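For reference, entry.cif (mmCIF, C-alpha atoms):
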data_structure
loop_
_atom_site.label_atom_id
_atom_site.label_comp_id
_atom_site.auth_asym_id
_atom_site.auth_seq_id
_atom_site.Cartn_x
_atom_site.Cartn_y
_atom_site.Cartn_z
CA MET A 1 132.76 -45.28 0.50
CA LEU A 2 129.31 -43.69 0.58
CA ARG A 3 128.91 -44.74 4.20
CA LYS A 4 132.24 -43.16 5.18
CA THR A 5 131.26 -39.96 3.37
CA LEU A 6 127.93 -39.78 5.21
CA ILE A 7 129.63 -40.36 8.57
CA SER A 8 132.15 -37.61 7.80
CA LEU A 9 129.34 -35.19 6.92
CA VAL A 10 127.51 -35.97 10.16
CA VAL A 11 130.69 -35.34 12.18
CA ILE A 12 131.26 -32.01 10.39
CA VAL A 13 127.68 -30.89 11.08
CA ILE A 14 128.02 -31.81 14.78
CA LEU A 15 131.29 -29.91 15.05
CA PHE A 16 129.75 -26.89 13.33
CA ILE A 17 126.81 -26.83 15.72
CA PHE A 18 128.78 -27.21 18.94
CA ILE A 19 132.11 -25.53 18.18
CA LYS A 20 131.12 -22.51 16.07
CA PRO A 21 129.15 -20.78 18.89
CA ILE A 22 132.29 -20.93 21.04
CA ASN A 23 134.40 -19.09 18.46
CA SER A 24 131.84 -16.55 17.23
CA THR A 25 128.76 -16.80 19.36
CA MET A 26 125.39 -15.59 18.14
CA ILE A 27 123.94 -14.89 21.57
CA SER A 28 121.85 -11.69 21.48
CA VAL A 29 120.71 -11.44 25.10
CA PHE A 30 122.11 -13.09 28.19
CA ASN A 31 122.51 -12.97 31.95
CA ILE A 32 125.93 -13.72 33.37
CA ALA A 33 124.48 -15.32 36.53
CA ASN A 34 121.19 -16.95 37.50
CA ALA A 35 120.57 -14.29 40.15
CA PRO A 36 121.14 -10.50 40.34
CA THR A 37 124.84 -9.74 40.64
CA VAL A 38 127.40 -7.01 39.88
CA VAL A 39 130.35 -8.09 37.74
CA THR A 40 133.66 -6.49 38.72
CA LYS A 41 136.20 -8.71 37.02
CA GLY A 42 136.73 -11.06 34.11
CA HIS A 43 139.14 -13.96 33.64
CA TYR A 44 141.07 -13.74 30.38
CA GLY A 45 142.58 -10.27 30.06
CA THR A 46 141.75 -6.60 30.64
CA SER A 47 138.86 -4.49 29.35
CA LEU A 48 138.40 -0.74 28.97
CA ILE A 49 134.98 0.78 29.71
CA VAL A 50 134.46 4.45 28.77
CA GLU A 51 131.62 6.40 30.43
CA ILE A 52 130.26 9.17 28.19
CA SER A 53 127.98 12.02 29.26
CA PHE A 54 129.64 15.03 27.60
CA SER A 55 130.20 15.85 23.93
CA ASP A 56 132.67 17.95 22.00
CA ASP A 57 134.38 17.83 18.62
CA LYS A 58 137.33 15.92 20.04
CA LEU A 59 135.05 13.12 21.21
CA LEU A 60 133.43 12.91 17.77
CA ASP A 61 136.84 12.71 16.11
CA TRP A 62 137.93 10.01 18.55
CA LEU A 63 134.81 7.94 17.87
CA LYS A 64 135.53 8.15 14.14
CA ASN A 65 139.11 6.95 14.53
CA VAL A 66 139.31 4.61 17.52
CA LYS A 67 140.63 1.23 16.42
CA ALA A 68 139.52 -2.29 17.30
CA PRO A 69 139.33 -3.97 19.71
CA TYR A 70 136.95 -1.21 20.75
CA PRO A 71 136.32 -0.24 24.37
CA LEU A 72 132.78 -0.59 25.72
CA LEU A 73 131.03 2.79 25.67
CA LEU A 74 128.55 3.38 28.50
CA LEU A 75 126.24 6.14 27.26
CA ASP A 76 124.25 8.51 29.46
CA ALA A 77 120.57 8.69 28.39
CA ALA A 78 120.49 12.50 28.26
CA TRP A 79 123.69 12.44 26.18
CA ILE A 80 122.11 9.97 23.78
CA GLU A 81 119.18 12.33 23.16
CA ARG A 82 121.35 15.36 22.42
CA SER A 83 124.12 13.68 20.40
CA PRO A 84 122.69 12.43 17.08
CA GLU A 85 125.93 12.97 15.16
CA HIS A 86 127.94 10.97 17.69
CA LEU A 87 125.32 8.20 17.72
CA LYS A 88 125.43 7.97 13.95
CA VAL A 89 129.17 7.29 14.07
CA ILE A 90 128.74 4.76 16.89
CA GLN A 91 126.08 2.87 14.94
CA GLU A 92 127.88 3.01 11.60
CA ARG A 93 131.09 1.68 13.15
CA LYS A 94 129.17 -0.78 15.38
CA LEU A 95 131.01 0.37 18.47
CA PRO A 96 129.90 -1.67 21.52
CA THR A 97 127.68 0.28 23.91
CA GLY A 98 125.83 0.00 27.20
CA LEU A 99 123.82 2.35 29.41
CA LEU A 100 125.23 4.72 32.03
CA GLY A 101 122.69 5.44 34.76
CA PRO A 102 122.47 8.05 37.53
CA GLU A 103 123.93 7.58 40.98
CA ASP A 104 122.47 4.94 43.27
CA SER A 105 122.93 4.01 46.93
CA VAL A 106 121.28 2.11 49.77
CA GLU A 107 120.48 5.40 51.52
CA GLU A 108 119.12 7.08 48.37
CA PRO A 109 118.07 4.30 45.97
CA ILE A 110 117.59 5.08 42.33
CA ASP A 111 114.09 5.91 41.08
CA ILE A 112 113.11 2.75 39.19
CA ALA A 113 110.68 4.74 37.02
CA LEU A 114 113.56 7.02 35.97
CA LEU A 115 115.69 3.97 35.32
CA GLN A 116 113.01 2.50 33.07
CA LYS A 117 112.85 5.79 31.18
CA ASP A 118 116.62 5.73 30.60
CA VAL A 119 116.44 2.16 29.33
CA GLY A 120 113.61 3.23 27.02
CA THR A 121 115.72 6.09 25.67
CA TYR A 122 118.57 3.70 24.92
CA GLU A 123 116.21 1.27 23.19
CA LYS A 124 114.62 4.06 21.14
CA TYR A 125 117.90 5.38 19.72
CA LEU A 126 120.07 2.24 19.67
CA LYS A 127 117.24 -0.08 18.55
CA THR A 128 118.14 -2.75 21.10
CA THR A 129 118.17 -3.37 24.84
CA PRO A 130 121.53 -2.67 26.50
CA LEU A 131 123.48 -5.74 27.63
CA TRP A 132 125.60 -3.69 30.05
CA PHE A 133 124.82 -1.05 32.68
CA ALA A 134 126.68 0.95 35.32
CA THR A 135 125.69 3.79 37.63
CA ARG A 136 127.71 6.99 37.92
CA ASN A 137 128.98 6.09 41.40
CA HIS A 138 129.15 2.32 40.78
CA GLN A 139 126.81 1.49 43.65
CA TYR A 140 123.79 -0.76 43.22
CA SER A 141 120.75 -1.08 45.47
CA GLN A 142 118.84 -4.36 45.61
CA ASP A 143 115.83 -2.94 43.74
CA LEU A 144 118.09 -1.76 40.92
CA GLN A 145 119.78 -5.15 40.66
CA LYS A 146 116.45 -7.00 40.57
CA SER A 147 114.91 -4.63 38.03
CA LEU A 148 117.76 -4.88 35.53
CA PHE A 149 118.17 -8.63 36.04
CA GLN A 150 114.56 -9.06 34.93
CA LYS A 151 115.41 -7.12 31.77
CA GLN A 152 118.51 -9.28 31.19
CA ILE A 153 120.81 -6.29 31.59
CA ASN A 154 124.13 -7.02 33.29
CA LEU A 155 125.65 -4.73 35.91
CA LEU A 156 129.30 -3.69 35.74
CA SER A 157 131.55 -2.13 38.35
CA PRO A 158 135.20 -1.16 37.90
CA SER A 159 138.23 -3.01 39.15
CA LEU A 160 140.04 0.30 38.62
CA ILE A 161 139.08 3.85 37.63
CA TRP A 162 141.52 5.85 35.49
CA GLN A 163 141.35 9.64 35.36
CA GLY A 164 144.46 10.49 33.41
CA GLU A 165 147.04 10.01 36.08
CA LYS A 166 149.89 7.50 35.82
CA THR A 167 148.86 4.44 33.83
CA PRO A 168 147.53 1.92 36.34
CA GLU A 169 149.06 -1.51 36.85
CA LEU A 170 146.50 -3.82 35.32
CA GLN A 171 145.96 -7.42 36.35
CA LYS A 172 144.32 -10.23 34.45
CA GLY A 173 140.55 -9.85 34.47
CA ASP A 174 140.48 -6.13 35.33
CA PHE A 175 137.74 -3.76 34.15
CA LEU A 176 139.34 -0.33 33.78
CA PHE A 177 136.72 2.45 33.80
CA LEU A 178 137.41 5.86 32.26
CA PRO A 179 134.84 8.63 32.93
CA LEU A 180 134.42 11.18 30.13
CA HIS A 181 132.22 13.79 31.77
CA GLN A 182 132.18 17.60 31.71
CA ASP A 183 134.74 17.83 34.51
CA THR A 184 137.02 15.09 33.16
CA LYS A 185 140.68 16.01 32.88
CA VAL A 186 141.74 13.10 30.68
CA THR A 187 142.89 14.14 27.20
CA PHE A 188 142.24 12.04 24.13
CA LYS A 189 145.99 11.94 23.55
CA GLU A 190 146.32 10.21 26.94
CA LEU A 191 143.44 7.90 26.10
CA ASN A 192 144.97 6.91 22.76
CA THR A 193 148.31 6.28 24.44
CA LEU A 194 146.56 4.05 26.97
CA LEU A 195 144.94 2.08 24.14
CA GLN A 196 148.24 1.72 22.30
CA GLN A 197 150.16 0.55 25.35
CA ASN A 198 147.66 -2.08 26.47
CA LYS A 199 146.02 -5.04 24.77
CA PHE A 200 142.44 -4.60 25.88
CA MET A 201 139.73 -7.09 24.98
CA SER A 202 135.95 -6.94 24.93
CA ILE A 203 133.95 -7.54 28.11
CA GLU A 204 132.57 -10.76 26.62
CA GLU A 205 136.01 -12.10 25.76
CA ASN A 206 137.27 -11.18 29.21
CA ILE A 207 134.42 -12.95 31.02
CA PHE A 208 133.72 -15.92 28.74
CA GLY A 209 136.78 -16.28 26.55
CA TYR A 210 134.86 -15.44 23.38
CA SER A 211 132.94 -12.51 21.92
CA VAL A 212 129.17 -12.01 22.00
CA GLN A 213 127.40 -10.49 19.00
CA SER A 214 124.56 -8.26 20.11
CA LYS A 215 121.47 -8.23 17.92
CA LYS A 216 121.57 -5.59 15.19
CA THR A 217 118.68 -4.23 13.22
CA PRO A 218 118.94 -4.51 9.43
#
Please express the file's structure as structure tokens.
Amino acid sequence: MLRKTLISLVVIVILFIFIKPINSTMISVFNIANAPTVVTKGHYGTSLIVEISFSDDKLLDWLKNVKAPYPLLLLDAAWIERSPEHLKVIQERKLPTGLLGPEDSVEEPIDIALLQKDVGTYEKYLKTTPLWFATRNHQYSQDLQKSLFQKQINLLSPSLIWQGEKTPELQKGDFLFLPLHQDTKVTFKELNTLLQQNKFMSIEENIFGYSVQSKKTP
């Protein structure tokens, strides 16, 4: 009987070690690929990514009330510095975030020094390195890709961009980007309707089939 009990305990421990990370992974930093790449699609559902560079009271109210599963918030570095009240809500509610960078292109590549400064701003205020990054125009030069790959920051690009027009027809794996900038015409009523009418999932669930817990400070 004792032998059977010991064997059962060993099996349980093995299952705990190998199965638990699949259901609720404890990965804090990761690269999706073993070489620089831009991820434009997942596999298991659809994900909403909200770019934020402009603040108002409506945004603050939305951050306080948005319900899970939460969209990924890509935050502009300058916005981070001037929005302490919004950041407090984001951190208290543990809303998932990444970094929104400036425009980039092959003809006019991003200033890597400026990029490093933006990453530093994110790390200073969010107390962690961003797992996700996108540029304003969703273009990525080779130097940018290499630089962020070395920092284990993953690049995202939209499958679709929504700006408040008719709700797009989403397909499995899609990343739907929503820009919330000063000239954005999308209303939060439209955004909430979009969230209610679609079953979005996190980027991690969409890509891997399970969620990734980013490292949090105590």
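Between atom CA of A:Gly101 and atom CA of A:Asn34 there is a distance of 22.6 Å.
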Considering only C-alpha atoms, return as an MDAnalysis selection string whatever protein or nucleic-acid residues lie within 12 Å of A:Ile52, sequence-local ones (same chain, fewer than 4 positions apart) excluded. chainID A and resid 56 59:60 63 71:80 83 86:87 97:101 134:136 177:184
Can you list what the PyMOL selection byres ((chain A and resi 144) around 10) grabs from this structure, as a ChimeraX atom specification? /A:36,104-105,109-112,115,135,139-143,145-149,155
Can you tell me which residues surround A:Asn198 at a distance of at most 10 Å, considering all atoms listed in the file, apart from same-chain residues fewer than 6 positions away, and format the answer as a PyMOL selection string? chain A and resi 46-48+167+170
Translate the PyMOL selection byres ((chain A and resi 38) around 6), as applied to the file shown, into an explicit residue set as a PDB file with C-alpha atoms, keeping the file's coordinate frame.
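Ended up saving to result_35.pdb:
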ATOM      1  CA  THR A  37     124.840  -9.740  40.640  1.00  0.00           C
ATOM      2  CA  VAL A  39     130.350  -8.090  37.740  1.00  0.00           C
ATOM      3  CA  LEU A 155     125.650  -4.730  35.910  1.00  0.00           C
ATOM      4  CA  LEU A 156     129.300  -3.690  35.740  1.00  0.00           C
TER       5      LEU A 156
END
Would you work out the distance separating atom CA of A:Leu114 from atom CA of A:Lys88, expressed in Å to one decimal?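 We find that atom CA of A:Leu114 and atom CA of A:Lys88 lie 25.0 Å from each other.
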Quick check on the file I pasted: which residues fall under the PyMOL selection byres ((chain A and resi 121-129) around 8)? Write them as a PyMOL selection string. chain A and resi 77+80-81+91+99+117-120+130-131+153+215-217
Go ahead and dump the residues you just picked, C-alpha atoms, as a PDB file, keeping the file's coordinate frame.
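As a result, out36.pdb now contains:
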ATOM      1  CA  ALA A  77     120.570   8.690  28.390  1.00  0.00           C
ATOM      2  CA  ILE A  80     122.110   9.970  23.780  1.00  0.00           C
ATOM      3  CA  GLU A  81     119.180  12.330  23.160  1.00  0.00           C
ATOM      4  CA  GLN A  91     126.080   2.870  14.940  1.00  0.00           C
ATOM      5  CA  LEU A  99     123.820   2.350  29.410  1.00  0.00           C
ATOM      6  CA  LYS A 117     112.850   5.790  31.180  1.00  0.00           C
ATOM      7  CA  ASP A 118     116.620   5.730  30.600  1.00  0.00           C
ATOM      8  CA  VAL A 119     116.440   2.160  29.330  1.00  0.00           C
ATOM      9  CA  GLY A 120     113.610   3.230  27.020  1.00  0.00           C
ATOM     10  CA  PRO A 130     121.530  -2.670  26.500  1.00  0.00           C
ATOM     11  CA  LEU A 131     123.480  -5.740  27.630  1.00  0.00           C
ATOM     12  CA  ILE A 153     120.810  -6.290  31.590  1.00  0.00           C
ATOM     13  CA  LYS A 215     121.470  -8.230  17.920  1.00  0.00           C
ATOM     14  CA  LYS A 216     121.570  -5.590  15.190  1.00  0.00           C
ATOM     15  CA  THR A 217     118.680  -4.230  13.220  1.00  0.00           C
TER      16      THR A 217
END
What residues have an atom no more than 7 Å from (135.7, -2.8, 21.4) in the file's own frame, counting all atoms listed in the file, and can you write them as a list in words?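 In the file's frame, the residues around the point are Ala68, Pro69, Tyr70, Pro71, Leu72, Leu95, Pro96, Met201 and Ser202 of chain A.
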Interatomic distance between atom CA of A:Glu103 and atom CA of A:Gln116?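 About the pair atom CA of A:Glu103 and atom CA of A:Gln116: they are 14.4 Å apart.
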Residues within 10 Å of (143.3, 14.9, 22.0), file coordinates, counting only C-alpha atoms: what are they? Give the list as a count of residues only. 12
